[in-house]
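Engineer: This is the content of entry-v7.cif (mmCIF, C-alpha atoms and all ligand atoms):
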```
data_input
#
loop_
_atom_site.label_atom_id
_atom_site.label_comp_id
_atom_site.auth_asym_id
_atom_site.auth_seq_id
_atom_site.Cartn_x
_atom_site.Cartn_y
_atom_site.Cartn_z
CA MET A 1 -35.78 -1.68 0.66
CA ASN A 2 -39.21 -3.28 1.24
CA ASP A 3 -39.80 -3.23 -2.54
CA ILE A 4 -36.99 -5.75 -3.06
CA THR A 5 -37.69 -9.50 -3.15
CA ILE A 6 -35.09 -12.24 -2.82
CA ALA A 7 -35.82 -15.54 -4.58
CA THR A 8 -33.97 -18.66 -5.70
CA VAL A 9 -34.00 -20.03 -9.23
CA THR A 10 -32.00 -22.47 -11.36
CA SER A 11 -30.69 -22.34 -14.91
CA LYS A 12 -33.95 -24.01 -16.03
CA ASP A 13 -36.15 -21.13 -14.83
CA PRO A 14 -37.21 -18.21 -17.08
CA GLU A 15 -35.33 -15.72 -14.86
CA TYR A 16 -32.02 -17.33 -15.88
CA LYS A 17 -31.98 -15.26 -19.09
CA ALA A 18 -32.06 -12.03 -17.07
CA VAL A 19 -29.41 -13.40 -14.71
CA TRP A 20 -27.18 -14.16 -17.71
CA GLN A 21 -27.66 -10.59 -18.99
CA LEU A 22 -26.91 -9.05 -15.60
CA ARG A 23 -23.69 -11.07 -15.30
CA GLU A 24 -22.77 -10.06 -18.84
CA ASP A 25 -23.41 -6.33 -18.18
CA VAL A 26 -21.84 -6.11 -14.70
CA LEU A 27 -19.12 -8.78 -14.67
CA ARG A 28 -17.97 -9.22 -18.27
CA LYS A 29 -18.62 -6.18 -20.51
CA PRO A 30 -16.55 -3.79 -18.32
CA LEU A 31 -13.61 -6.19 -18.84
CA GLY A 32 -14.16 -6.35 -22.60
CA MET A 33 -15.24 -9.98 -22.27
CA SER A 34 -18.42 -11.99 -22.89
CA LEU A 35 -20.04 -14.98 -21.22
CA ALA A 36 -20.82 -16.17 -24.74
CA ASN A 37 -17.18 -17.28 -24.98
CA GLU A 38 -17.22 -19.25 -21.71
CA ASP A 39 -18.17 -22.78 -20.72
CA LEU A 40 -21.22 -22.22 -18.51
CA SER A 41 -22.04 -25.89 -17.93
CA MET A 42 -21.41 -25.38 -14.19
CA ASP A 43 -24.48 -23.09 -14.08
CA ALA A 44 -26.81 -26.11 -14.35
CA GLU A 45 -25.61 -27.38 -10.95
CA ASP A 46 -26.00 -24.08 -9.13
CA THR A 47 -28.66 -22.50 -6.96
CA ILE A 48 -29.09 -18.88 -8.05
CA PHE A 49 -30.20 -16.20 -5.59
CA ILE A 50 -31.80 -13.21 -7.29
CA ALA A 51 -32.93 -9.80 -6.10
CA LEU A 52 -36.07 -8.55 -7.85
CA HIS A 53 -37.49 -5.04 -8.16
CA ASP A 54 -40.72 -4.58 -10.14
CA GLY A 55 -40.15 -8.01 -11.69
CA GLN A 56 -36.65 -7.05 -12.86
CA VAL A 57 -33.55 -9.00 -11.81
CA ILE A 58 -31.28 -6.36 -10.23
CA GLY A 59 -28.86 -8.65 -8.39
CA CYS A 60 -27.61 -12.22 -8.50
CA LEU A 61 -25.40 -14.64 -6.61
CA MET A 62 -24.67 -18.22 -7.68
CA LEU A 63 -23.98 -21.04 -5.21
CA HIS A 64 -21.93 -24.07 -6.21
CA SER A 65 -21.63 -26.95 -3.77
CA ILE A 66 -18.03 -28.14 -3.33
CA SER A 67 -18.76 -30.77 -0.65
CA ASP A 68 -21.37 -31.54 2.02
CA THR A 69 -19.98 -28.70 4.14
CA VAL A 70 -18.30 -26.25 1.74
CA MET A 71 -20.20 -23.94 -0.63
CA LYS A 72 -18.60 -21.73 -3.27
CA PHE A 73 -20.27 -18.35 -3.88
CA ARG A 74 -19.68 -16.94 -7.36
CA GLN A 75 -20.98 -14.42 -9.90
CA MET A 76 -21.99 -11.84 -7.27
CA ALA A 77 -23.38 -8.90 -9.23
CA VAL A 78 -25.68 -5.96 -8.61
CA SER A 79 -27.03 -3.79 -11.42
CA GLU A 80 -24.94 -0.59 -11.59
CA VAL A 81 -27.76 1.80 -10.61
CA TRP A 82 -28.60 -0.35 -7.59
CA GLN A 83 -25.06 -0.69 -6.22
CA GLY A 84 -24.35 0.68 -2.75
CA LYS A 85 -27.96 0.26 -1.57
CA GLY A 86 -27.63 -2.96 0.41
CA ILE A 87 -28.68 -5.41 -2.34
CA GLY A 88 -25.39 -7.32 -2.25
CA ARG A 89 -25.62 -7.67 1.52
CA LEU A 90 -29.24 -8.89 1.22
CA LEU A 91 -28.29 -11.59 -1.30
CA MET A 92 -25.23 -12.77 0.65
CA THR A 93 -27.13 -12.90 3.95
CA ALA A 94 -30.10 -14.78 2.46
CA ALA A 95 -27.77 -17.33 0.87
CA GLU A 96 -25.75 -17.77 4.08
CA GLN A 97 -28.93 -18.40 6.07
CA GLN A 98 -30.25 -20.96 3.60
CA ILE A 99 -27.06 -22.99 3.40
CA ALA A 100 -26.45 -22.87 7.17
CA ALA A 101 -29.87 -24.51 7.59
CA LYS A 102 -28.74 -27.23 5.16
CA GLY A 103 -25.63 -28.05 7.22
CA TYR A 104 -22.94 -26.16 5.32
CA THR A 105 -20.23 -24.77 7.59
CA THR A 106 -17.89 -22.91 5.22
CA ILE A 107 -18.23 -20.49 2.33
CA MET A 108 -15.36 -19.81 -0.07
CA LEU A 109 -15.21 -17.41 -2.98
CA HIS A 110 -12.83 -15.82 -5.46
CA ALA A 111 -13.05 -12.09 -4.74
CA ARG A 112 -11.95 -9.38 -7.11
CA GLN A 113 -9.28 -7.62 -5.07
CA ILE A 114 -10.93 -4.20 -5.55
CA VAL A 115 -14.13 -5.35 -3.81
CA CYS A 116 -12.55 -7.27 -0.89
CA GLY A 117 -13.96 -4.56 1.39
CA PHE A 118 -17.50 -5.66 0.50
CA TYR A 119 -16.82 -9.24 1.62
CA GLU A 120 -14.85 -8.07 4.69
CA ALA A 121 -17.88 -6.01 5.74
CA LEU A 122 -19.80 -9.32 5.70
CA GLY A 123 -17.26 -11.22 7.82
CA TYR A 124 -15.11 -12.88 5.14
CA ASP A 125 -11.33 -13.26 5.53
CA ILE A 126 -8.65 -13.32 2.82
CA THR A 127 -6.99 -16.77 2.78
CA SER A 128 -4.71 -16.64 -0.26
CA SER A 129 -2.24 -14.47 -2.08
CA ALA A 130 -3.41 -12.69 -5.22
CA PHE A 131 -3.95 -14.58 -8.47
CA THR A 132 -5.33 -13.61 -11.87
CA GLU A 133 -8.82 -14.54 -13.02
CA VAL A 134 -10.69 -12.95 -15.96
CA GLY A 135 -7.53 -10.85 -16.36
CA ILE A 136 -7.73 -9.07 -13.00
CA PRO A 137 -6.34 -9.71 -9.47
CA HIS A 138 -8.40 -11.94 -7.19
CA VAL A 139 -7.95 -13.49 -3.73
CA ILE A 140 -9.68 -16.43 -2.07
CA MET A 141 -11.89 -15.37 0.84
CA LYS A 142 -13.63 -17.60 3.38
CA LYS A 143 -16.23 -17.42 6.10
CA VAL A 144 -17.00 -20.08 8.69
CA LEU A 145 -20.68 -20.02 9.56
CA ALA A 146 -21.50 -19.74 13.26
C1 LIG B 201 -19.49 -5.60 -5.12
C2 LIG B 201 -21.01 -5.59 -5.17
C3 LIG B 201 -21.53 -7.00 -5.39
C4 LIG B 201 -21.53 -5.08 -3.81
O1 LIG B 201 -22.94 -5.08 -3.81
P1 LIG B 201 -23.71 -3.74 -3.30
O2 LIG B 201 -25.16 -4.02 -3.32
O3 LIG B 201 -23.21 -2.61 -4.10
O4 LIG B 201 -23.16 -3.64 -1.79
P2 LIG B 201 -23.98 -3.26 -0.46
O5 LIG B 201 -24.65 -1.95 -0.70
O6 LIG B 201 -24.85 -4.41 -0.08
O7 LIG B 201 -22.80 -3.08 0.57
C5 LIG B 201 -22.65 -3.87 1.73
C6 LIG B 201 -21.46 -3.38 2.50
O8 LIG B 201 -20.25 -3.56 1.72
C7 LIG B 201 -19.60 -2.31 1.53
N1 LIG B 201 -19.11 -2.26 0.15
C8 LIG B 201 -19.84 -2.39 -0.96
N2 LIG B 201 -19.05 -2.33 -2.06
C9 LIG B 201 -17.81 -2.15 -1.60
C10 LIG B 201 -16.55 -2.00 -2.25
N3 LIG B 201 -16.42 -2.05 -3.60
N4 LIG B 201 -15.45 -1.86 -1.48
C11 LIG B 201 -15.56 -1.81 -0.13
N5 LIG B 201 -16.73 -1.96 0.54
C12 LIG B 201 -17.83 -2.11 -0.19
C13 LIG B 201 -20.66 -1.26 1.75
O9 LIG B 201 -20.09 -0.04 2.17
C14 LIG B 201 -21.52 -1.89 2.80
O10 LIG B 201 -20.94 -1.73 4.08
P3 LIG B 201 -21.81 -1.21 5.34
O11 LIG B 201 -23.10 -2.00 5.30
O12 LIG B 201 -20.93 -1.52 6.49
O13 LIG B 201 -22.04 0.23 5.06
C15 LIG B 201 -21.56 -4.65 -6.28
O14 LIG B 201 -21.10 -3.35 -6.06
C16 LIG B 201 -21.18 -5.09 -7.69
O15 LIG B 201 -21.94 -5.80 -8.34
N6 LIG B 201 -20.01 -4.62 -8.16
C17 LIG B 201 -19.57 -4.92 -9.53
C18 LIG B 201 -19.34 -6.41 -9.76
C19 LIG B 201 -18.37 -7.03 -8.77
O16 LIG B 201 -17.28 -6.53 -8.54
N7 LIG B 201 -18.79 -8.18 -8.21
C20 LIG B 201 -18.00 -8.92 -7.26
C21 LIG B 201 -17.12 -9.85 -7.97
S1 LIG B 201 -16.06 -10.75 -6.82
#
```
Output the file's structure as structure tokens, nothing else.

Structural biologist:
Amino acid sequence: MNDITIATVTSKDPEYKAVWQLREDVLRKPLGMSLANEDLSMDAEDTIFIALHDGQVIGCLMLHSISDTVMKFRQMAVSEVWQGKGIGRLLMTAAEQQIAAKGYTTIMLHARQIVCGFYEALGYDITSSAFTEVGIPHVIMKKVLA
């Protein structure tokens, strides 16, 4: 894993195009949907954590500030061939460390129900009943930073 770099970018950086494509391939195409049909204006306010391998964006995680203490994590995606190799954990951990240093105390996210186990492995708890988002069941999960 020492050939993987974690970096932060915004929607103004050149890497954003690759982030858009990764989200499209991993989070939308399998559902028969496209980001092209969505309002992405929120992206401009977000910090985007990316995982890079040989200059390629292979993972992303977007952070949207809800308040001075609460951060929403969204658009967690790892390129299919890289899944199950610790990239998601790397991105989540890097983001948690950065926001803890900035004074955030709580992370919330909308988790696809089928991947709750990923977030549970990272210390997140389910705090809602199931609801539908992008046509599939989700739950709210939260983590209070130590
Ligand atoms: C879910 C996803 C982000 C996880 O990233 P990843 O890089 O594959 O996960 P990691 O290899 O870092 O796994 C970290 C831990 O979570 C566990 N885990 C990963 N995916 C899991 C899953 N789908 N269900 C249960 N546990 C899972 C791993 O076993 C690992 O646990 P361990 O360290 O105790 O062995 C990635 O598989 C993905 O992009 N999936 C498709 C898109 C998606 O569903 N995104 C989330 C939307 S809410």

Engineer: So that I can check the surroundings of region 55-65 of chain A, please list as a list in words every protein, DNA and RNA residue that reaches within 6 Å of it, counting all atoms listed in the file and ignoring chain neighbours fewer than 6 positions away.

Structural biologist: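 In the requested format, the answer is Asp46, Thr47, Ile48, Phe49, Met71, Lys72, Phe73, Arg74, Gln75, Met76, Ala77, Val78 and Ser79 of chain A.
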
Engineer: Given a cut-off of 8 Å, what residues near ligand LIG 201 (chain B) show up using only C-alpha atoms and all ligand atoms, put as a PyMOL selection string?

Structural biologist: chain A and resi 26-27+59+74-80+82-90+109-122+138

Engineer: Measure the distance from CA of Ser11 (chain A) to CA of Asp125 (chain A) in Å and round it to one decimal.

Structural biologist: 29.6 Å

Engineer: What does the distance between CA of Tyr124 (chain A) and CA of Met141 (chain A) come to in Å, to one decimal place?

Structural biologist: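 These atoms are spaced 5.9 Å apart.
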
Engineer: Would you mind listing what lies within 9 Å of Val134 (chain A) as a PyMOL selection string, with only C-alpha atoms counted and same-chain residues fewer than 6 positions away left out?

Structural biologist: chain A and resi 28+31+33

Engineer: Of the candidates A:Val9, A:Val19, A:Ala146, A:Ala36, which one gets nearest to Thr105 (chain A) if we count all atoms listed in the file?

Structural biologist: A:Ala146

Engineer: What is the CA of Tyr104 (chain A)-CA of Ser41 (chain A) distance in Å, reported with one decimal?

Structural biologist: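 These two atoms are separated by 23.3 Å.
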
Engineer: Using all atoms listed in the file, pick whichever of A:Ser129, A:Lys102, A:Glu96, A:Ala51 has the shortest atom-to-atom distance to Val144 (chain A).

Structural biologist: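 Of the candidates, the smallest distance to Val144 (chain A) is held by A:Glu96.
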